[in-house]
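Undergrad: Pasting coords.txt below, which is compact mmCIF, C-alpha atoms.
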```txt
# COMPACT_ATOMS: atom_id res chain seq x y z
CA MET A 1 -25.52 64.69 53.38
CA LEU A 2 -28.72 62.71 53.87
CA ALA A 3 -28.08 59.42 55.59
CA ASP A 4 -29.41 56.23 54.03
CA GLY A 5 -33.07 55.79 54.75
CA GLY A 6 -34.89 58.11 52.38
CA GLU A 7 -37.05 61.08 53.34
CA ASN A 8 -37.14 60.16 57.06
CA SER A 9 -33.34 60.01 57.43
CA LEU A 10 -31.20 62.56 59.28
CA PHE A 11 -28.34 64.70 57.98
CA VAL A 12 -24.80 63.50 58.62
CA PRO A 13 -21.55 65.50 58.16
CA GLN A 14 -19.94 65.11 54.75
CA THR A 15 -17.24 67.10 52.95
CA VAL A 16 -18.38 68.54 49.61
CA PHE A 17 -16.06 69.35 46.74
CA ASN A 18 -16.18 70.89 43.29
CA ALA A 19 -13.01 70.80 41.17
CA GLY A 20 -12.36 71.30 37.50
CA VAL A 21 -10.67 73.18 34.70
CA ARG A 22 -11.63 76.31 32.75
CA TRP A 23 -10.96 76.90 29.06
CA SER A 24 -11.09 80.52 27.81
CA PRO A 25 -10.87 80.60 24.01
CA ASN A 26 -11.34 84.38 24.08
CA SER A 27 -11.63 87.19 26.61
CA ARG A 28 -15.43 87.00 26.79
CA LEU A 29 -15.95 83.27 27.18
CA GLY A 30 -15.12 80.62 29.77
CA VAL A 31 -16.04 76.94 29.62
CA ASN A 32 -15.87 74.99 32.89
CA LEU A 33 -15.57 71.21 33.11
CA TYR A 34 -15.85 70.02 36.71
CA LEU A 35 -16.25 67.02 39.00
CA THR A 36 -18.46 67.40 42.07
CA ASN A 37 -20.23 65.43 44.77
CA ARG A 38 -22.81 68.10 45.58
CA PHE A 39 -26.17 68.90 44.04
CA GLY A 40 -25.02 72.04 42.22
CA PRO A 41 -21.81 73.66 40.93
CA THR A 42 -22.07 76.83 43.05
CA THR A 43 -22.86 77.88 46.61
CA ALA A 44 -25.55 80.33 45.50
CA SER A 45 -28.18 78.09 47.11
CA PRO A 46 -27.88 76.35 50.50
CA ALA A 47 -29.07 73.14 48.83
CA ASN A 48 -25.89 73.13 46.76
CA LEU A 49 -23.90 72.47 49.96
CA LEU A 50 -25.62 69.09 50.31
CA ALA A 51 -23.59 66.09 49.22
CA GLN A 52 -25.12 63.41 47.06
CA VAL A 53 -26.36 60.29 48.81
CA GLY A 54 -24.09 57.28 48.82
CA GLY A 55 -20.94 59.19 47.94
CA ASP A 56 -21.96 59.63 44.30
CA THR A 57 -20.13 62.14 42.09
CA GLY A 58 -21.06 63.79 38.83
CA ILE A 59 -19.41 65.56 35.89
CA GLY A 60 -20.70 68.97 34.83
CA LEU A 61 -20.17 71.50 32.07
CA ASP A 62 -21.14 75.17 32.16
CA PHE A 63 -20.48 78.31 30.13
CA LEU A 64 -19.61 81.82 31.31
CA TYR A 65 -20.08 84.77 28.98
CA LEU A 66 -19.38 88.49 29.50
CA PRO A 67 -21.56 90.46 27.06
CA ASP A 68 -20.52 93.97 28.16
CA LEU A 69 -23.37 95.69 26.33
CA LEU A 70 -22.54 99.01 28.04
CA GLY A 71 -18.85 98.95 27.12
CA THR A 72 -17.67 98.96 30.74
CA TYR A 73 -14.76 96.58 30.24
CA GLU A 74 -11.80 96.66 27.90
CA ILE A 75 -12.47 93.51 25.90
CA GLU A 76 -10.36 92.40 22.99
CA LYS A 77 -11.92 92.60 19.56
CA ARG A 78 -10.72 91.14 16.31
CA ASP A 79 -7.92 93.19 14.80
CA THR A 80 -8.63 91.79 11.33
CA TYR A 81 -11.57 90.03 9.69
CA PRO A 82 -11.99 87.42 6.96
CA GLU A 83 -13.19 88.21 3.48
CA ALA A 84 -16.88 89.08 3.35
CA ALA A 85 -17.90 85.81 1.68
CA SER A 86 -16.78 83.88 4.79
CA PHE A 87 -19.78 85.24 6.72
CA LEU A 88 -22.28 83.65 4.32
CA SER A 89 -23.99 80.39 5.25
CA GLY A 90 -23.32 77.10 3.54
CA LEU A 91 -26.01 75.16 1.73
CA SER A 92 -27.07 73.24 4.84
CA SER A 93 -25.67 75.02 7.90
CA PHE A 94 -24.36 78.25 9.38
CA PRO A 95 -20.69 79.21 8.93
CA SER A 96 -17.96 78.77 11.53
CA THR A 97 -17.49 82.54 11.78
CA THR A 98 -19.86 85.05 13.39
CA LEU A 99 -20.81 88.45 12.03
CA PRO A 100 -18.95 91.53 13.27
CA LEU A 101 -20.70 94.15 15.37
CA ASP A 102 -23.62 95.73 13.44
CA GLY A 103 -23.23 93.34 10.49
CA VAL A 104 -26.51 92.13 8.98
CA ILE A 105 -27.29 89.30 6.57
CA TYR A 106 -30.63 88.71 4.86
CA GLU A 107 -31.40 85.49 3.03
CA VAL A 108 -34.34 84.59 0.83
CA ALA A 109 -34.49 81.07 -0.62
CA TYR A 110 -37.02 79.45 -2.94
CA GLY A 111 -37.09 75.86 -4.11
CA THR A 112 -39.24 73.28 -5.78
CA ASN A 113 -41.60 71.37 -3.48
CA GLU A 114 -43.03 74.77 -2.44
CA ARG A 115 -40.10 75.71 -0.24
CA PHE A 116 -39.71 79.34 0.85
CA THR A 117 -37.28 80.46 3.55
CA GLN A 118 -36.54 83.90 5.01
CA THR A 119 -33.54 84.36 7.31
CA ALA A 120 -32.01 87.33 9.14
CA ARG A 121 -28.72 87.36 11.06
CA PHE A 122 -27.58 90.30 13.23
CA GLY A 123 -24.13 90.96 14.69
CA VAL A 124 -24.97 91.96 18.28
CA LEU A 125 -21.33 91.98 19.42
CA ASP A 126 -18.01 91.20 17.79
CA ASP A 127 -18.38 87.53 18.72
CA LEU A 128 -22.15 87.13 19.16
CA GLU A 129 -24.94 87.17 16.59
CA MET A 130 -28.68 86.50 16.67
CA VAL A 131 -30.52 84.51 14.01
CA ALA A 132 -34.20 84.36 13.11
CA TYR A 133 -35.75 82.42 10.25
CA PHE A 134 -39.14 81.28 9.01
CA ASP A 135 -39.50 78.26 6.75
CA THR A 136 -42.50 77.05 4.76
CA VAL A 137 -42.15 73.80 2.87
CA GLY A 138 -44.37 71.60 0.74
CA ASN A 139 -44.73 68.66 3.13
CA ASP A 140 -47.81 68.05 5.22
CA THR A 141 -45.94 66.67 8.20
CA PHE A 142 -44.05 69.81 9.30
CA PRO A 143 -45.21 72.52 6.86
CA ARG A 144 -44.03 75.57 8.83
CA GLU A 145 -41.09 76.25 11.09
CA GLY A 146 -39.63 79.32 12.81
CA ALA A 147 -36.63 79.77 15.06
CA LEU A 148 -34.68 82.21 17.20
CA MET A 149 -31.04 81.36 17.88
CA GLY A 150 -27.85 82.79 19.26
CA ARG A 151 -24.44 82.09 17.71
CA LEU A 152 -21.31 82.53 19.82
CA ALA A 153 -17.76 82.48 18.46
CA LEU A 154 -15.57 79.93 20.24
CA GLN A 155 -12.50 80.52 18.09
CA ARG A 156 -12.88 83.89 16.40
CA ASP A 157 -12.20 84.20 12.69
CA ARG A 158 -9.56 86.83 11.91
CA GLY A 159 -9.20 85.77 8.29
CA ARG A 160 -6.02 83.79 8.77
CA ALA A 161 -5.53 80.19 7.70
CA GLY A 162 -6.47 77.65 10.34
CA VAL A 163 -9.43 76.52 12.43
CA THR A 164 -12.44 78.58 13.54
CA GLY A 165 -15.57 77.60 15.45
CA ALA A 166 -18.95 78.87 16.65
CA LEU A 167 -21.77 77.44 18.75
CA ALA A 168 -25.39 77.90 17.64
CA LEU A 169 -28.21 77.24 20.12
CA GLY A 170 -31.88 78.11 19.97
CA LEU A 171 -35.55 77.18 20.06
CA LEU A 172 -37.63 76.05 17.09
CA GLY A 173 -41.37 76.29 16.78
CA PHE A 174 -42.99 74.11 14.14
CA GLU A 175 -46.43 72.93 13.14
CA GLY A 176 -46.73 69.29 14.13
CA THR A 177 -48.72 66.40 12.74
CA ASP A 178 -51.81 67.40 14.75
CA GLY A 179 -51.75 71.00 13.50
CA ALA A 180 -50.59 72.33 16.87
CA THR A 181 -47.33 74.20 17.38
CA ASP A 182 -44.58 72.08 18.87
CA VAL A 183 -41.20 73.17 20.24
CA ALA A 184 -37.70 71.75 19.93
CA LEU A 185 -34.21 72.62 21.10
CA TYR A 186 -31.63 72.82 18.32
CA ALA A 187 -27.86 73.13 18.47
CA GLU A 188 -25.01 72.91 16.02
CA LEU A 189 -21.26 73.42 16.29
CA PRO A 190 -19.71 74.59 12.99
CA LEU A 191 -15.96 74.00 12.93
CA GLY A 192 -14.15 75.34 9.88
CA TYR A 193 -10.71 75.04 8.34
CA ARG A 194 -9.35 77.60 5.88
CA ALA A 195 -6.43 76.45 3.72
CA ARG A 196 -3.24 78.49 3.51
CA SER A 197 -3.82 78.86 -0.22
CA TYR A 198 -7.22 80.51 0.58
CA ASN A 199 -8.65 78.68 -2.44
CA TYR A 200 -10.83 76.34 -0.40
CA SER A 201 -12.30 75.78 3.06
CA LEU A 202 -13.78 72.77 4.85
CA GLY A 203 -16.40 72.46 7.58
CA PHE A 204 -17.38 69.85 10.15
CA ILE A 205 -20.75 70.56 11.82
CA PRO A 206 -22.34 68.27 14.46
CA LYS A 207 -26.09 68.94 14.80
CA ILE A 208 -28.74 67.81 17.26
CA LEU A 209 -32.52 68.32 17.38
CA VAL A 210 -34.35 67.62 20.66
CA PRO A 211 -38.16 67.99 20.30
CA THR A 212 -40.56 67.95 23.22
CA GLN A 213 -42.19 64.65 24.01
CA ALA A 214 -45.56 66.09 22.99
CA SER A 215 -44.35 66.53 19.40
CA GLY A 216 -44.46 62.78 18.85
CA ARG A 217 -40.98 62.45 17.34
CA GLY A 218 -37.60 61.51 18.72
CA ASN A 219 -34.24 63.23 18.76
CA THR A 220 -32.16 63.54 15.61
CA LEU A 221 -28.37 63.65 15.50
CA GLY A 222 -26.36 64.32 12.35
CA VAL A 223 -22.95 65.51 11.23
CA THR A 224 -22.46 67.72 8.18
CA VAL A 225 -19.24 67.83 6.20
CA ASP A 226 -19.19 70.76 3.79
CA GLY A 227 -16.74 72.55 1.57
CA ARG A 228 -16.15 75.61 -0.59
CA LEU A 229 -13.88 75.82 -3.60
CA ASN A 230 -13.04 79.11 -5.32
CA LEU A 231 -13.46 78.64 -9.06
CA SER A 232 -12.60 82.29 -9.65
CA GLN A 233 -12.49 85.51 -7.64
CA ASN A 234 -16.29 85.78 -7.58
CA THR A 235 -17.49 82.22 -8.25
CA GLN A 236 -17.56 79.40 -5.70
CA LEU A 237 -18.51 75.73 -5.80
CA LEU A 238 -20.38 74.60 -2.66
CA GLY A 239 -21.21 71.13 -1.38
CA SER A 240 -22.30 69.32 1.77
CA PHE A 241 -23.01 65.78 2.97
CA THR A 242 -24.88 64.92 6.19
CA PRO A 243 -25.11 61.35 7.50
CA ILE A 244 -27.79 60.87 10.17
CA LEU A 245 -26.29 59.14 13.20
CA SER A 246 -29.51 58.76 15.19
CA GLY A 247 -33.23 59.24 14.55
CA ASP A 248 -35.70 58.87 11.69
CA ASN A 249 -35.63 61.66 9.11
CA GLN A 250 -37.41 60.62 5.90
CA LEU A 251 -40.77 62.26 5.23
CA ARG A 252 -43.67 60.12 4.04
CA ALA A 253 -45.11 60.75 0.60
CA GLY A 254 -48.68 61.83 -0.03
CA LYS A 255 -51.11 64.52 1.00
CA VAL A 256 -53.33 65.14 4.01
CA GLY A 257 -56.26 62.71 3.93
CA GLU A 258 -54.35 60.17 1.82
CA ARG A 259 -51.83 59.02 4.44
CA ALA A 260 -50.86 59.10 8.06
CA LEU A 261 -48.68 62.11 8.68
CA GLY A 262 -45.19 61.59 10.00
CA LEU A 263 -41.84 60.06 9.20
CA GLU A 264 -40.97 56.65 7.81
CA ASN A 265 -40.27 54.30 10.71
CA ASP A 266 -36.67 53.21 11.25
CA VAL A 267 -35.47 55.05 8.14
CA SER A 268 -32.60 57.51 8.16
CA VAL A 269 -31.36 58.99 4.90
CA SER A 270 -28.07 60.80 4.40
CA LEU A 271 -28.52 64.31 3.03
CA TYR A 272 -26.57 66.08 0.35
CA SER A 273 -26.50 69.40 -1.46
CA LEU A 274 -24.44 70.78 -4.30
CA GLY A 275 -24.44 74.30 -5.69
CA VAL A 276 -22.64 77.24 -7.19
CA ARG A 277 -22.39 80.76 -5.74
CA GLN A 278 -21.83 83.99 -7.64
CA LEU A 279 -20.62 87.01 -5.64
CA PHE A 280 -21.37 90.67 -6.39
CA ALA A 281 -19.46 93.09 -4.16
CA THR A 282 -20.06 96.81 -3.58
CA GLU A 283 -18.25 99.25 -1.29
CA ASN A 284 -20.17 98.37 1.89
CA SER A 285 -22.24 95.33 0.91
CA LEU A 286 -21.93 91.89 -0.62
CA TYR A 287 -24.59 90.15 -2.70
CA ALA A 288 -24.46 86.43 -3.45
CA LEU A 289 -26.73 84.30 -5.62
CA ASP A 290 -26.78 80.54 -4.95
CA LEU A 291 -28.13 77.87 -7.28
CA PHE A 292 -28.37 74.45 -5.63
CA VAL A 293 -29.79 70.93 -5.73
CA GLY A 294 -30.28 68.59 -2.78
CA ASN A 295 -32.51 66.06 -1.05
CA SER A 296 -33.19 67.88 2.25
CA ALA A 297 -36.47 69.62 3.01
CA GLY A 298 -34.74 72.86 4.05
CA THR A 299 -31.48 74.44 5.17
CA TYR A 300 -31.55 75.03 8.92
CA GLY A 301 -32.93 73.39 12.04
CA GLN A 302 -35.38 70.54 11.70
CA GLN A 303 -35.99 71.07 7.97
CA GLY A 304 -32.25 70.83 7.37
CA LEU A 305 -32.26 67.35 8.94
CA LEU A 306 -35.32 66.03 7.07
CA SER A 307 -35.09 64.06 3.82
CA LEU A 308 -37.62 64.46 1.03
CA PRO A 309 -39.78 61.35 0.42
CA ASN A 310 -39.19 58.71 -2.27
CA GLN A 311 -35.58 59.75 -2.91
CA GLU A 312 -36.80 63.08 -4.31
CA ASN A 313 -34.55 66.07 -4.92
CA GLN A 314 -35.27 69.76 -5.12
CA VAL A 315 -33.68 72.59 -7.05
CA GLY A 316 -33.52 76.02 -5.51
CA VAL A 317 -32.14 79.53 -5.60
CA ARG A 318 -31.06 81.72 -2.68
CA LEU A 319 -30.21 85.42 -2.50
CA ASN A 320 -27.80 86.49 0.27
CA VAL A 321 -27.31 90.16 1.17
CA LEU A 322 -24.57 91.21 3.61
CA ASN A 323 -24.66 94.80 4.82
CA GLY A 324 -21.79 96.21 6.85
CA THR A 325 -18.78 94.45 5.41
CA PRO A 326 -15.69 94.90 7.63
CA THR A 327 -12.96 97.24 6.42
CA GLN A 328 -10.06 95.61 8.31
CA VAL A 329 -9.85 92.52 6.11
CA TYR A 330 -6.84 90.28 6.64
CA GLN A 331 -4.41 90.27 3.74
CA PRO A 332 -2.46 87.00 3.40
CA PRO A 333 1.29 87.19 2.77
CA GLY A 334 2.01 87.95 -0.86
CA ALA A 335 -1.41 89.49 -1.52
CA GLU A 336 -1.45 92.72 -3.45
```
Would you give me this structure, written as structure tokens?
TA:
Amino acid sequence: MLADGGENSLFVPQTVFNAGVRWSPNSRLGVNLYLTNRFGPTTASPANLLAQVGGDTGIGLDFLYLPDLLGTYEIEKRDTYPEAASFLSGLSSFPSTTLPLDGVIYEVAYGTNERFTQTARFGVLDDLEMVAYFDTVGNDTFPREGALMGRLALQRDRGRAGVTGALALGLLGFEGTDGATDVALYAELPLGYRARSYNYSLGFIPKILVPTQASGRGNTLGVTVDGRLNLSQNTQLLGSFTPILSGDNQLRAGKVGERALGLENDVSVSLYSLGVRQLFATENSLYALDLFVGNSAGTYGQQGLLSLPNQENQVGVRLNVLNGTPTQVYQPPGAE
């Protein structure tokens, strides 16, 4: 440990410690929560054996993941899977279940206010998927946005009633107010509950957007509550509501040259969406057509946290295509 006195001080002996707990929700993932008085959580670097000045301690959190892309280890996979519709996104967020290995979902959405979104999701492993999307919208503040994300299952969905969860984390690139491309970190944690009747499901999704300082906007924190109700075997009612807990999120009205680009100052607007989904199943694929109305600029990332100006709403349609539906679908007790 450095003795008091700054850069000119000498080292003095000091015991270092690192203690904590590990949570392993599945055989691939470990989450460590620890308390330490050193500069780092491991001894990989000699600097991590230095104790903090003044006897300070800190709390840390890290994630361990075993991808096993070469199939070297015997890692548990899901023995059963949920119905194919469970893999589809909600109206304003990703689902709480990840795609199975080699599963692919394509989404194309079009809405009023010149919104057009293309999304692709790929099941890289049984509990890991990659997501890429590109969004163009009819606002002059952030007209284009693209992203690359990873989604990791925390509590894998086997189709049974109960709670599931997944963590989404990635980088967004978007055109800022000065026409340059800005970058932001985005994360969301979809947590889902499937009822024992299998007629409805609920979701709770914390979301956070952390742009770079150069983008000129602050962080945004919101929480989405969404739900799905089966009206019939192939028809679902969808809805979501997202209060904004921190940050400005309402776009200003007008066009370039008529206004200063940006967001309304000190204004946060809760977001909503309501829609209906019609499912069309084939032997190995699932098609779904969504009709929806809402007041958000888009579905995912930054656009999914932005409100249209002047209390406007938009109507849209989205086509979802799932290729590679799982064959080992869980059958609830009493199902034929």
Undergrad: If I take atom CA of Thr141 of chain A and atom CA of Leu91 of chain A, how far is one from the other in Å, to one decimal?
TA: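 Separation of atom CA of Thr141 of chain A and atom CA of Leu91 of chain A: 22.6 Å.
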Undergrad: When distances are computed from only C-alpha atoms, which of A:Leu279, A:Ala109, A:Met149, A:Ala253 shows the smallest separation from Ser307 of chain A?
TA: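 Residue with the minimum atom-to-atom distance to Ser307 of chain A: A:Ala253.
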Undergrad: From the list A:Ser92, A:Asn139, A:Thr224, A:Thr181, which residue is nearest Gly301 of chain A when using all atoms listed in the file?
TA: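 Of A:Ser92, A:Asn139, A:Thr224, A:Thr181, the one nearest Gly301 of chain A, counting all atoms listed in the file, is A:Ser92.
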Undergrad: So which residues touch Val104 of chain A within 10 Å, counting all atoms listed in the file, skipping near sequence neighbours fewer than 2 positions away, as a ChimeraX atom specification?
TA: /A:87,99-102,106,120-124,129-131,285,321-325
Undergrad: Smallest atom-to-atom distance to Arg151 of chain A: which of A:Ser96, A:Ser215, A:Thr327, A:Asn113, using only C-alpha atoms?
TA: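 Comparing A:Ser96, A:Ser215, A:Thr327, A:Asn113 against Arg151 of chain A, the winner is A:Ser96.
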